[in-house]
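For reference, the structure discussed in these notes is given below.
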Amino acid sequence: MPIALENVSYTYAPGTPWEHVALSEVTVRIEDGDFLGIVGPTGSGKSTLVQHMNGLLFPSDGRVVVDGDEVGSDRKALRDLRRKVGMVFQYPEHQLFEETVWADIAFGPKNLDLDEEEIARRVRWASESVGLPEDILERSPFELSGGQMRRVAIAGVLAMQGSVLILDEPTSGLDPRGRASLVEQLRALNQAGMTMVMVSHSMEDMALLVNRIVVLSEGRVALAGTKREVFTQLEALETLSLDVPRVTQVMLRLRGEGVPVPLDVMTVNEGIDALAAALRGEKDHASQ
Amino acid sequence: MNAAGNASLISFRKAGFTYRRGEEIEVPAVKGVDLDIHRGEFLAIVGSNGSGKSTLAKMMNALLVPTEGEVIVDGMPTDEEANVWDIRRTVGMVFQNPGNQLVSTTVEEEVAFGLENLGVPTAEMHGVIDRVLGEIGLATMRRREPHNLSGGQKQRVAIAAVLAMQPECIVMDEATSMLDPAGRRDVLETVRHLCRERNLAVVFITHFMEEAVQADRVVVFHEGAVAVDAEPKTVFGEGLDLDEIGLDVPVVTALSRGLGELGFDVDPTITEMEEFVEAICRLRSRT
Amino acid sequence: MLRNSVTIGQYLPGNSLVHRLDPRTKILGVLGYVVILFLIRDFAGYGMMAVITVLTAAVARLPLKMLVRGLRPVLFIIVLTVTLNAVMTPGELLWSVGPFGVTREGLFQAAIMACRLLLLIITTSMLTLTTAPIDLTDGLEYLMGPFRRIGVPAHELAMMMTIALRFIPTLLDEAERIMKAQMARGADFQSGGFIQRAKNMVPLLVPLFVSAFRRADDLALAMEARCYRGGEGRSRFKILKLGPSDLAAGLVMITGFFAALVV
């Protein structure tokens, strides 16, 4: 189910003193099975952009086409769209409200008028996908740790079983262990065929998860491409005061000292391989 | 009181804290901690979620009073009611959520809030506010509404507000965890500057080792107790099982370890970029 | 954004004559205005009051369009009040729909109510639009000061209001985000009967309350950490002073009110 934003502009509170252009002429295309990352400084329009993808916001100008249909205000079509395109907001644990974890995850499927059996199946699948232990399901979501609450909230969106999942800063505030396991689970969902879009400040998460990146700045697309293409545009990123992954920074620094390492290295494992190759390569040269 | 340069400002003496909910459920969050925080030092406390580090932080300025042992701030035991306000003036605190700790509707009022609480005369306030906002780089924002500032700016307002009360120590209770990378750097740089220039003690609480190793001293907190108390250089040298504790290592440390496993001669306890670059260059020159 | 559609409680920074008045002058002015609104019962009087409002808006450089837009969220209440007045007032029957009859007196009463409510809402929103929230609470604290002797906790009330004002935009943003999040899970806030709609609000209201309490907890802790202990022994950053423009504004207002009463 491809999603295409074509020349989308969006203005908040038009005609008031608070008028504010959040997006201007943004074009983005998401193919099936993609994992798209959206980065940009705070206030660059990232959250506004993703809310166009499931009809929570409508463009002031331009259009959004999902699966061949233009997104409009028809209520039934919108419900359909929101079922297919799931959205996990920033700090999603703040939207929990039910008495039990089970009931909260089941909220979405219930709104779809599914039968009990299907609801139960989905709740189990969703909670397994995010690694929630079985015994938690009957507890109140409000007694859980922050990390577990985050998982419950994500499971609540997954249970809609859409084909696209949008996540706004999914790992923010989690500790390293929580972060690592969530990253793993998101990767698994994508590999199982789910199309994903992630907004994040964490370049490490980007390095581990996405294939392509769109960089926003002041509501416009500043850079776009595969993550390797984007993360090697160091100067452009720096002018936007955006980081590259820490490993890439190390490689950059080593290059400055004349160590022949590639720059499109983003994760620790890639870094170790690249360094080992560079060091061995030189040894080989020396021994020849 | 002790005015000597490196003397202990905050002392935990077998201090513990147990949350009591109702009659029965007891959750010990901090257990028998012995810890000294010195004047002018930059101390990082690192631990995973639920390790009790936030409870520990709140014991430093009498927001929580130990249920066992004692905590002494600048010679004053925190469990004596009469000391509470002096202690809180001495040890200021910046909290995690930038939006929830600001009381006022303008930046300058926010800085004034603590001064008003201390009963500082109006005529003196303006001077203090000017100075503090200048120092934190917020002079041009004094009339702005905190609500419309970025997370990093809000945290700097919170720091300025604490600074106005002339504390000896600022406790940053996961104060960067909700910020974007730019805001995070900004806040870290601000408190470092204060530590260096003002000889202000900083307790920087985080769950990122990458941030923690930039301190003078690192305390790894796990299950309510101090697991390691060391300089950044040696923090990874003590057989610390970070996986068990749920923490990561800085990227250069991970790279060093990985290379070590492949048979390269790299010190696996390296924590700083410069050190790592040197080590790699050394390896190259040897070939 | 939700908070941009609500004019009541919003502050529009500016530097007009009205903006610069002492908050006490403006509060007393609005108070006087409201009292007069409820004293008069003829349209000439309301016309005069409307003139005062429009003139003040002009001096304050507030676009009328925005003031009118601000009525939108309370439109429902106005329509309801007006309708109720129209059908509930006994008197000379003009026409009837089923069990409901519209009377001449009812129509008159409804028109009066409409004028009162419209002017009331527009004028009070003008107060908050031209006065920084903090000045507003400062003004109220000063005005309540004399009542402290009879046990009115003036400082505490003012502090509560400051905090409420400070958190209104935050909570509105939060409400919008939660609403969208639940809509993304198929929640429907728009259709169904009254009871169904009320039920549908649970997924919005529960998280909103939880969040409000969490924020209150956080804030209380932060205030305590900065040595807040109530009004006792507290000094003030801002000292309010009445100036010549306040005197002038006061005179103009009194003249206006008097004119509205006698026309």
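Order determines the names: the first chain of the structure tokens is A, the second B, and so forth; residues in each chain are numbered 1 upward, and ligands are numbered 1 upward as they are shown.
The residues of chain B lying at most 8 Å from chain A, with only C-alpha atoms taken into account, are Ser48, Asn49, Gly50, Ser150, Ser177, Met178, Asp180, Pro181, Ala182, His207, Phe208, Gly246, Leu247, Asp248, Val251, Val252, Ala254, Leu255, Gly258, Leu259, Leu262, Met273, Val277, Cys281, Leu283, Arg284 and Thr287 of chain B.
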Could you pull out the helix (DSSP H, G or I) residues of stretch 52-175 of chain A from DSSP and send them as a count of residues only? 58
Determine which residues of chain C sit within 6 Å of chain B, taking into account only C-alpha atoms, and present them as a PDB file with all heavy atoms, in the first residue's frame.
```
ATOM      1  N   ARG C 166      -0.807  28.748  33.137  1.00  0.00           N
ATOM      2  CA  ARG C 166       0.430  28.243  32.574  1.00  0.00           C
ATOM      3  C   ARG C 166       0.198  26.882  31.908  1.00  0.00           C
ATOM      4  O   ARG C 166       0.811  26.542  30.903  1.00  0.00           O
ATOM      5  CB  ARG C 166       1.448  28.192  33.703  1.00  0.00           C
ATOM      6  CG  ARG C 166       2.538  27.198  33.655  1.00  0.00           C
ATOM      7  CD  ARG C 166       3.687  27.626  32.781  1.00  0.00           C
ATOM      8  NE  ARG C 166       4.662  26.549  32.770  1.00  0.00           N
ATOM      9  CZ  ARG C 166       4.519  25.431  32.107  1.00  0.00           C
ATOM     10  NH1 ARG C 166       3.472  25.232  31.353  1.00  0.00           N
ATOM     11  NH2 ARG C 166       5.452  24.498  32.171  1.00  0.00           N
ATOM     12  N   ARG C 215       1.415  15.808  35.935  1.00  0.00           N
ATOM     13  CA  ARG C 215       2.035  17.125  35.822  1.00  0.00           C
ATOM     14  C   ARG C 215       1.951  17.892  37.135  1.00  0.00           C
ATOM     15  O   ARG C 215       2.898  18.559  37.548  1.00  0.00           O
ATOM     16  CB  ARG C 215       1.354  17.932  34.722  1.00  0.00           C
ATOM     17  CG  ARG C 215       1.706  17.454  33.340  1.00  0.00           C
ATOM     18  CD  ARG C 215       0.985  18.275  32.288  1.00  0.00           C
ATOM     19  NE  ARG C 215       1.030  17.627  30.994  1.00  0.00           N
ATOM     20  CZ  ARG C 215       2.086  17.652  30.194  1.00  0.00           C
ATOM     21  NH1 ARG C 215       3.170  18.311  30.554  1.00  0.00           N
ATOM     22  NH2 ARG C 215       2.057  17.033  29.036  1.00  0.00           N
ATOM     23  N   ASP C 218       4.595  16.548  39.442  1.00  0.00           N
ATOM     24  CA  ASP C 218       5.920  17.022  39.027  1.00  0.00           C
ATOM     25  C   ASP C 218       6.114  18.476  39.448  1.00  0.00           C
ATOM     26  O   ASP C 218       7.158  18.852  39.985  1.00  0.00           O
ATOM     27  CB  ASP C 218       6.059  16.958  37.500  1.00  0.00           C
ATOM     28  CG  ASP C 218       6.338  15.548  37.016  1.00  0.00           C
ATOM     29  OD1 ASP C 218       6.316  14.631  37.858  1.00  0.00           O
ATOM     30  OD2 ASP C 218       6.559  15.367  35.800  1.00  0.00           O
ATOM     31  N   LEU C 219       5.090  19.276  39.185  1.00  0.00           N
ATOM     32  CA  LEU C 219       5.218  20.702  39.458  1.00  0.00           C
ATOM     33  C   LEU C 219       5.337  20.964  40.954  1.00  0.00           C
ATOM     34  O   LEU C 219       6.158  21.779  41.385  1.00  0.00           O
ATOM     35  CB  LEU C 219       4.018  21.457  38.876  1.00  0.00           C
ATOM     36  CG  LEU C 219       4.118  22.960  39.022  1.00  0.00           C
ATOM     37  CD1 LEU C 219       5.206  23.495  38.107  1.00  0.00           C
ATOM     38  CD2 LEU C 219       2.796  23.627  38.695  1.00  0.00           C
ATOM     39  N   ALA C 222       8.784  20.254  41.956  1.00  0.00           N
ATOM     40  CA  ALA C 222       9.718  21.270  41.470  1.00  0.00           C
ATOM     41  C   ALA C 222       9.597  22.551  42.294  1.00  0.00           C
ATOM     42  O   ALA C 222      10.591  23.217  42.575  1.00  0.00           O
ATOM     43  CB  ALA C 222       9.459  21.562  39.992  1.00  0.00           C
ATOM     44  N   ALA C 225      11.190  21.975  45.656  1.00  0.00           N
ATOM     45  CA  ALA C 225      12.646  21.950  45.521  1.00  0.00           C
ATOM     46  C   ALA C 225      13.212  23.356  45.436  1.00  0.00           C
ATOM     47  O   ALA C 225      14.373  23.582  45.728  1.00  0.00           O
ATOM     48  CB  ALA C 225      13.051  21.147  44.285  1.00  0.00           C
ATOM     49  N   ARG C 226      12.378  24.305  45.007  1.00  0.00           N
ATOM     50  CA  ARG C 226      12.851  25.684  44.935  1.00  0.00           C
ATOM     51  C   ARG C 226      12.312  26.504  46.100  1.00  0.00           C
ATOM     52  O   ARG C 226      12.106  27.713  45.976  1.00  0.00           O
ATOM     53  CB  ARG C 226      12.501  26.286  43.581  1.00  0.00           C
ATOM     54  CG  ARG C 226      13.568  25.915  42.543  1.00  0.00           C
ATOM     55  CD  ARG C 226      13.026  25.883  41.154  1.00  0.00           C
ATOM     56  NE  ARG C 226      12.672  27.206  40.722  1.00  0.00           N
ATOM     57  CZ  ARG C 226      11.908  27.454  39.663  1.00  0.00           C
ATOM     58  NH1 ARG C 226      11.418  26.474  38.968  1.00  0.00           N
ATOM     59  NH2 ARG C 226      11.632  28.683  39.331  1.00  0.00           N
ATOM     60  N   CYS C 227      12.105  25.819  47.212  1.00  0.00           N
ATOM     61  CA  CYS C 227      11.798  26.488  48.481  1.00  0.00           C
ATOM     62  C   CYS C 227      10.454  27.191  48.518  1.00  0.00           C
ATOM     63  O   CYS C 227      10.273  28.147  49.274  1.00  0.00           O
ATOM     64  CB  CYS C 227      12.903  27.489  48.862  1.00  0.00           C
ATOM     65  SG  CYS C 227      14.499  26.712  49.107  1.00  0.00           S
ATOM     66  N   TYR C 228       9.504  26.763  47.728  1.00  0.00           N
ATOM     67  CA  TYR C 228       8.183  27.370  47.819  1.00  0.00           C
ATOM     68  C   TYR C 228       7.466  26.862  49.061  1.00  0.00           C
ATOM     69  O   TYR C 228       7.416  25.668  49.310  1.00  0.00           O
ATOM     70  CB  TYR C 228       7.356  27.045  46.578  1.00  0.00           C
ATOM     71  CG  TYR C 228       5.975  27.666  46.632  1.00  0.00           C
ATOM     72  CD1 TYR C 228       5.825  29.034  46.460  1.00  0.00           C
ATOM     73  CD2 TYR C 228       4.850  26.901  46.879  1.00  0.00           C
ATOM     74  CE1 TYR C 228       4.574  29.628  46.530  1.00  0.00           C
ATOM     75  CE2 TYR C 228       3.588  27.481  46.949  1.00  0.00           C
ATOM     76  CZ  TYR C 228       3.462  28.841  46.779  1.00  0.00           C
ATOM     77  OH  TYR C 228       2.227  29.428  46.857  1.00  0.00           O
ATOM     78  N   GLY C 233       6.318  35.181  54.085  1.00  0.00           N
ATOM     79  CA  GLY C 233       7.727  35.552  53.946  1.00  0.00           C
ATOM     80  C   GLY C 233       8.197  35.678  52.514  1.00  0.00           C
ATOM     81  O   GLY C 233       9.388  35.701  52.242  1.00  0.00           O
ATOM     82  N   ARG C 234       7.271  35.741  51.590  1.00  0.00           N
ATOM     83  CA  ARG C 234       7.627  35.825  50.192  1.00  0.00           C
ATOM     84  C   ARG C 234       7.785  37.279  49.775  1.00  0.00           C
ATOM     85  O   ARG C 234       7.044  38.137  50.201  1.00  0.00           O
ATOM     86  CB  ARG C 234       6.516  35.206  49.359  1.00  0.00           C
ATOM     87  CG  ARG C 234       7.035  34.151  48.435  1.00  0.00           C
ATOM     88  CD  ARG C 234       5.937  33.405  47.758  1.00  0.00           C
ATOM     89  NE  ARG C 234       6.517  32.870  46.542  1.00  0.00           N
ATOM     90  CZ  ARG C 234       6.277  33.335  45.349  1.00  0.00           C
ATOM     91  NH1 ARG C 234       5.422  34.292  45.169  1.00  0.00           N
ATOM     92  NH2 ARG C 234       6.891  32.819  44.308  1.00  0.00           N
ATOM     93  N   SER C 235       8.747  37.555  48.899  1.00  0.00           N
ATOM     94  CA  SER C 235       8.839  38.908  48.359  1.00  0.00           C
ATOM     95  C   SER C 235       8.242  38.886  46.958  1.00  0.00           C
ATOM     96  O   SER C 235       7.865  37.842  46.463  1.00  0.00           O
ATOM     97  CB  SER C 235      10.297  39.355  48.320  1.00  0.00           C
ATOM     98  OG  SER C 235      11.074  38.433  47.594  1.00  0.00           O
ATOM     99  N   ARG C 236       8.150  40.061  46.352  1.00  0.00           N
ATOM    100  CA  ARG C 236       7.523  40.130  45.028  1.00  0.00           C
ATOM    101  C   ARG C 236       8.489  40.674  44.004  1.00  0.00           C
ATOM    102  O   ARG C 236       9.191  41.648  44.248  1.00  0.00           O
ATOM    103  CB  ARG C 236       6.302  41.038  45.075  1.00  0.00           C
ATOM    104  CG  ARG C 236       5.237  40.622  46.038  1.00  0.00           C
ATOM    105  CD  ARG C 236       4.017  41.460  45.762  1.00  0.00           C
ATOM    106  NE  ARG C 236       3.583  41.200  44.411  1.00  0.00           N
ATOM    107  CZ  ARG C 236       2.541  40.425  44.132  1.00  0.00           C
ATOM    108  NH1 ARG C 236       1.851  39.891  45.075  1.00  0.00           N
ATOM    109  NH2 ARG C 236       2.196  40.227  42.888  1.00  0.00           N
ATOM    110  N   PHE C 237       8.482  40.041  42.829  1.00  0.00           N
ATOM    111  CA  PHE C 237       9.322  40.495  41.731  1.00  0.00           C
ATOM    112  C   PHE C 237       8.689  41.713  41.074  1.00  0.00           C
ATOM    113  O   PHE C 237       9.342  42.681  40.768  1.00  0.00           O
ATOM    114  CB  PHE C 237       9.472  39.346  40.734  1.00  0.00           C
ATOM    115  CG  PHE C 237      10.144  39.732  39.457  1.00  0.00           C
ATOM    116  CD1 PHE C 237      11.394  40.330  39.463  1.00  0.00           C
ATOM    117  CD2 PHE C 237       9.539  39.468  38.240  1.00  0.00           C
ATOM    118  CE1 PHE C 237      12.018  40.667  38.273  1.00  0.00           C
ATOM    119  CE2 PHE C 237      10.157  39.806  37.055  1.00  0.00           C
ATOM    120  CZ  PHE C 237      11.399  40.404  37.068  1.00  0.00           C
TER     121      PHE C 237
END
```
Can you tell me, as a PyMOL selection string, what residues are no more than 7 Å from stretch 226-239 of chain A when counting only C-alpha atoms, ignoring any on the same chain fewer than 6 positions away? chain A and resi 211-213+263-264
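Residues in contact range of B:Arg196, defined as at most 12 Å between only C-alpha atoms, with sequence neighbours fewer than 5 positions away removed, read Arg39, Gly40, Glu41, Phe42, Glu189, Thr190, Val191, Ala201, Val202, Ala215 and Asp216 of chain B.
If you look at atom CA of A:Pro92 and atom CA of A:Ile154, they are 7.2 Å away from each other.
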At a cut-off of 6 Å, which residues of chain A touch chain C? Count only C-alpha atoms and give the answer as a ChimeraX atom specification. /A:82,95,97,108,111
Separation of atom CA of A:Pro59 and atom CA of C:Phe167, in Å? 29.2 Å
Go through B:Leu179, B:Val27, B:Glu68, B:Pro77 one by one, measure the shortest atom-to-atom distance of each to B:Ser11 using only C-alpha atoms, and give the residue with the smallest value. B:Pro77
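For B:Pro98, the list of residues within 6 Å, based on only C-alpha atoms and with local chain neighbours fewer than 6 positions off taken out, reads Gly151, Lys154 and Gln155 of chain B.
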Output all heavy atoms of each residue in that selection to a file, as an mmCIF file, in the first residue's frame.
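So out-v2.cif came out as:
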```cif
data_model
loop_
_atom_site.group_PDB
_atom_site.id
_atom_site.type_symbol
_atom_site.label_atom_id
_atom_site.label_comp_id
_atom_site.auth_asym_id
_atom_site.auth_seq_id
_atom_site.Cartn_x
_atom_site.Cartn_y
_atom_site.Cartn_z
ATOM 1 N N GLY B 151 12.697 22.275 24.197
ATOM 2 C CA GLY B 151 13.003 21.515 25.407
ATOM 3 C C GLY B 151 14.327 21.919 26.022
ATOM 4 O O GLY B 151 14.436 22.100 27.237
ATOM 5 N N LYS B 154 14.029 25.262 27.663
ATOM 6 C CA LYS B 154 13.291 25.159 28.922
ATOM 7 C C LYS B 154 14.200 24.662 30.033
ATOM 8 O O LYS B 154 14.168 25.171 31.160
ATOM 9 C CB LYS B 154 12.124 24.180 28.773
ATOM 10 C CG LYS B 154 10.927 24.751 28.077
ATOM 11 C CD LYS B 154 9.821 23.712 28.040
ATOM 12 C CE LYS B 154 8.827 24.062 26.964
ATOM 13 N NZ LYS B 154 7.983 22.941 26.580
ATOM 14 N N GLN B 155 15.017 23.656 29.730
ATOM 15 C CA GLN B 155 15.896 23.132 30.764
ATOM 16 C C GLN B 155 16.922 24.179 31.176
ATOM 17 O O GLN B 155 17.322 24.246 32.334
ATOM 18 C CB GLN B 155 16.604 21.849 30.305
ATOM 19 C CG GLN B 155 15.702 20.630 30.179
ATOM 20 C CD GLN B 155 14.974 20.244 31.450
ATOM 21 O OE1 GLN B 155 14.237 21.052 32.012
ATOM 22 N NE2 GLN B 155 15.139 19.019 31.897
#
```
Selection: 7 Å around stretch 113-124 of chain C, only C-alpha atoms, excl. self and same-chain fewer than 4 positions, as a ChimeraX atom specification: /C:30,34,37,46,50,53,67,78,82,109,128
Writing out the chosen residues with N, CA, C and O atoms as a PDB file, in the first residue's frame:
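Result file again_35.pdb:
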```pdb
ATOM      1  N   VAL C  30     -13.607  45.410  33.411  1.00  0.00           N
ATOM      2  CA  VAL C  30     -14.411  44.296  32.918  1.00  0.00           C
ATOM      3  C   VAL C  30     -15.489  43.932  33.936  1.00  0.00           C
ATOM      4  O   VAL C  30     -16.639  43.658  33.586  1.00  0.00           O
ATOM      5  N   VAL C  34     -19.450  43.960  33.203  1.00  0.00           N
ATOM      6  CA  VAL C  34     -20.339  42.805  33.372  1.00  0.00           C
ATOM      7  C   VAL C  34     -21.543  43.176  34.230  1.00  0.00           C
ATOM      8  O   VAL C  34     -22.679  42.834  33.908  1.00  0.00           O
ATOM      9  N   LEU C  37     -23.874  45.158  32.185  1.00  0.00           N
ATOM     10  CA  LEU C  37     -24.558  44.296  31.214  1.00  0.00           C
ATOM     11  C   LEU C  37     -25.809  43.672  31.815  1.00  0.00           C
ATOM     12  O   LEU C  37     -26.821  43.505  31.145  1.00  0.00           O
ATOM     13  N   TYR C  46     -27.379  48.162  25.184  1.00  0.00           N
ATOM     14  CA  TYR C  46     -26.446  47.166  24.643  1.00  0.00           C
ATOM     15  C   TYR C  46     -25.653  47.734  23.483  1.00  0.00           C
ATOM     16  O   TYR C  46     -24.479  47.447  23.310  1.00  0.00           O
ATOM     17  N   ALA C  50     -21.776  47.816  23.178  1.00  0.00           N
ATOM     18  CA  ALA C  50     -21.066  47.269  22.018  1.00  0.00           C
ATOM     19  C   ALA C  50     -20.080  48.302  21.479  1.00  0.00           C
ATOM     20  O   ALA C  50     -18.954  47.948  21.093  1.00  0.00           O
ATOM     21  N   THR C  53     -17.015  48.231  23.541  1.00  0.00           N
ATOM     22  CA  THR C  53     -16.206  47.063  23.215  1.00  0.00           C
ATOM     23  C   THR C  53     -15.427  47.253  21.917  1.00  0.00           C
ATOM     24  O   THR C  53     -14.225  47.009  21.852  1.00  0.00           O
ATOM     25  N   LEU C  67     -11.939  38.094  17.414  1.00  0.00           N
ATOM     26  CA  LEU C  67     -12.845  38.069  18.559  1.00  0.00           C
ATOM     27  C   LEU C  67     -14.074  37.240  18.235  1.00  0.00           C
ATOM     28  O   LEU C  67     -14.563  36.460  19.044  1.00  0.00           O
ATOM     29  N   ILE C  78     -24.415  29.433  23.724  1.00  0.00           N
ATOM     30  CA  ILE C  78     -25.216  30.619  23.404  1.00  0.00           C
ATOM     31  C   ILE C  78     -26.526  30.200  22.735  1.00  0.00           C
ATOM     32  O   ILE C  78     -27.606  30.617  23.157  1.00  0.00           O
ATOM     33  N   VAL C  82     -30.230  30.812  24.296  1.00  0.00           N
ATOM     34  CA  VAL C  82     -31.177  31.633  23.550  1.00  0.00           C
ATOM     35  C   VAL C  82     -32.435  30.823  23.237  1.00  0.00           C
ATOM     36  O   VAL C  82     -33.554  31.283  23.444  1.00  0.00           O
ATOM     37  N   GLN C 109     -36.700  38.150  25.555  1.00  0.00           N
ATOM     38  CA  GLN C 109     -35.776  37.610  26.568  1.00  0.00           C
ATOM     39  C   GLN C 109     -34.562  36.956  25.887  1.00  0.00           C
ATOM     40  O   GLN C 109     -33.419  37.145  26.308  1.00  0.00           O
ATOM     41  N   THR C 128      -8.171  38.955  28.590  1.00  0.00           N
ATOM     42  CA  THR C 128      -7.041  38.018  28.582  1.00  0.00           C
ATOM     43  C   THR C 128      -6.171  38.211  27.346  1.00  0.00           C
ATOM     44  O   THR C 128      -4.983  37.961  27.391  1.00  0.00           O
TER      45      THR C 128
END
```
